[in-house]
Amino acid sequence: MNEITITIDGRSVQTQEGEYILNAARANGIFIPAICYLTRCSPTLACRICLVEADGKQVYACNAKAKEGMEITTTTPNILAERRAIMEVYDVNHPLECGVCDQSGECELQNYTLEVGVDAQTYSIKDTHKPAQDWGLIHYDPALCIMCERCITVCKDMIGDAALSTVARGSEAIEAEFKESMPKDAYAMWNKLNKSLIAPNGGDTLDCTNCGECSAVCPVGALVSSDYQYTSNAWEHKQIPATCAHCSAGCQLSYDIKHTSIENPQSKIYRVKNEWNYVSLCGAGRYGYDFENRNVVKNQTAFDAAITAFKKADTIAFTSTITNEEAMILQRLKEKFGYRLVNNEALALKNFLNSYSAISGTSLYGGDLKAVHNADFVVSIGSALKTDNPNARFAMNNALSMNKGAGLYFHPINDPVIADMSKNVTQFNHAPMMEEAALYLMLDLFGDKAAMPSSITEYLAMFHSTKTVTVEDTVDEKVTETVIKMVLNEESGVEEEVSEEVTKTIKKKVSKEVEVDENGLFALLNAPAGFGDTLTKYLAKKENFTLMVGPDLYTHPHAENCARLVALIEKYTPFSVTMIPNLSNTLGVAMICDLESSRGSYTIGYNTAGDFTLSALGNGDLDMPSLNQQEGTLTGIDKRVNPTNAALGYGGYVLNDLANALGVNAKLTVDYTAQLPENRGFKTTPFDALPNHYTNSGEEVRGYCLEIQNVGVSGDENVAPFNADAAIHEAGVYLANPVLQFSPFTAASHQLEAKGGLYASRTLMETNGWNEGDRVKVKTAHGELSVSVITDGKIEGDIAYLPTFDVAINSEALFDGYRFTGVSIQKV
């Protein structure tokens, strides 16, 4: 887009051509009231309060696009009259329960009623009974709803569930005289408000992935967390800025805390909030907040036992639910004492990045989720987006919805959530182990064949064959017809028949044989019929391409080859590449720690089992703080080093105490923030100097982004062919988590507390005659376990999955690294 200059209330401002006036004003600190509009989503014109005058004509700032030289006035007598009337209408029959409403103190209806100076009511209509509704994690009070439709919009344009819509309210009609007596926009808004309510598309309950974003964007108290309702007042909270501790998205959030009760002065997290104009949260981030290690005090005996264990140990095994600073402490301990540092999922990503770098010449991938949001063609390979990284899924949906985009989704499990995002997304439900073929297909469809190594183009040519097919076509054909006309004989005065030859062109269907190219990769990847033609339609007028790859590739038996293929795609196609790390700090750990694959004879476990275990889950030999009890940084999918703060107190020992006792000294854990390795992209910025906010224009000013390092390359761009015979066609099981779960920490929170099992689609349940809760024996080549069967209505097909969030199951023991394996399942 081109930068242009416009004038708002006499002030000259710069913006992008085609930007909405409202966004241009906000980015430059100019206030225009708006209730229904959400940044990153489509305008709905539901509230109409954003009226402005542009070049002498009244327009809606949320929907009118800026043009070079445009002159805008935000207030005129007519606009002010409209705004006041609109707010009066919003206040008609709105329940006077501000004293107990959960939104009171941060309610936009309160704010705008005061802003436009409503001090009297001109309008009235008989009210209707609208009973409150329980939607599970969310409570809906239609009496408080002002029909701004933000919940519908964010669910459709950002999240991709499209779980809400408007239904008839059943109110009496507005008196006809109001149409003539009140401002026209206020009347139009009232008419819509009076006719409609919000309702789930799935009946009486929400059929969605339970992100709760609808309640976050609600400007009033109509949609609130069921758990939070009537527990606190907004003005009592202290907001603690932090980074979500669960997946690798690194979402900014704030923990809203206050004392537990009159009797208990200890701080408690009451809810989580997010800057919903700029970042969306999944349900794990919104509801899975109270996973702290509670009621811990310093236990000197346990601490001394830990020091003894460290002196005995040769290995430290740990998960990536730790901060960068803790990872740095572990690396320093390794350097001092020679410990093996074992973290399998971080090592898999580290090795993948190293193999990728051998061709790309860079230490990190070039894309991020912002690139996905801005794309108009998105491809995902090797990730169950819905559960691996919900914000990656949100970004893909936002690109499809807002940019008239299209996309391809390669994964063995059929996901109806992905299918429902857009009619312009195609799923390839290929067999496990065929991810390499998907990457080769990307090179085949989009690669610059003239620039790619000849060995690759020759290999790709092997999958193409010419086939002669008969097709119907339409051709023009000239035909001659004899036409009989009646012509008057002037001599006799009598009409006579006269024949005349007439030539005309007609359309004629013919069959002809043509040669077409058949791509064998389509069949190997189970491409839908007619995909070639579908792709041609998808690609029309597309300009911005992005590829997301995920953990299925990092643990693939041919992960090195997959990584090299990803680098080639980034180099020889128009796609930027974004890699999805597994957990909250997998990327940070991979960049900081020198990792190994196997344990030695005696292991210290940190949030994982060991001969001596340090645990933030309260189930180990020495307690540690959870991520909501720590200061530090986390490195997410966008390669951004984000600060997080302690929301709750912690009375026990921390890893830094152990390090100090072992001779690796620092006063505070966050003293390591400025010591993170510069040669791996980190900066020497102290923790307290790290910013953590968004600007009005939506710019993310949080921490800093890793510096991408240049890496030497050999020039060898050869890749290995894939083995189609290695595909897993028998019954298989996948290692993944259900929606809302990522780790034992999500399962420890009171709203998301759960036990795992074998998750299966409804179809698979019916095929095997399973009922919810039945016990089954799951057996693979690496072991067996007995679990209960759980229905997952958000997957389809014959592949079941086992979770990692429930440590009691120990699902990972049934797998050999790769997330899929063959399985036999028997009912017990």
# chains A, B, ... in the order shown; residues from 1 in each chain; ligands from 1
$ select_by_dssp --residues "range 115-362 of chain A" --states "alpha helix (DSSP H)" --output "PyMOL selection string"
chain A and resi 115+150-153+177-181+184-195+213-217+283-287+300-312+324-337+344-360
$ select_by_dssp --residues "range 224-441 of chain A" --states "strand (DSSP E)" --output "ChimeraX atom specification"
/A:224-225,238-243,252-259,267-273,315-318,340-342,377-381,406-410,425-428
$ residues_around --residues "range 277-293 of chain A" --least-positions-apart "3" --cutoff "7 Å" --atoms "only C-alpha atoms" --output "number ranges by chain"
A: 38-39, 210-213, 244, 246, 251, 269, 272, 274, 296, 390, 616-618, 625-626, 628-629, 698, 740-741, 745-746, 748-752
$ closest_residue --among "A:Val118, A:Ala199, A:Ser697, A:Pro738" --to "Gln14 in chain A" --atoms "only C-alpha atoms"
A:Ser697
$ atom_distance --atom1 "CA of Met765 in chain A" --atom2 "CA of Phe410 in chain A"
23.9 Å
$ residues_around --residues "Thr573 in chain A" --least-positions-apart "2" --cutoff "6 Å" --atoms "only C-alpha atoms" --output "ChimeraX atom specification"
/A:446-447,569-570,575
$ residues_around --residues "Met486 in chain A" --least-positions-apart "5" --cutoff "9 Å" --atoms "only C-alpha atoms" --output "ChimeraX atom specification"
/A:495-499
$ atom_distance --atom1 "CA of Met328 in chain A" --atom2 "CA of Ile592 in chain A"
6.4 Å
$ closest_residue --among "A:Met462, A:Thr321, A:Lys508, A:Thr684" --to "Pro744 in chain A" --atoms "only C-alpha atoms"
A:Thr321
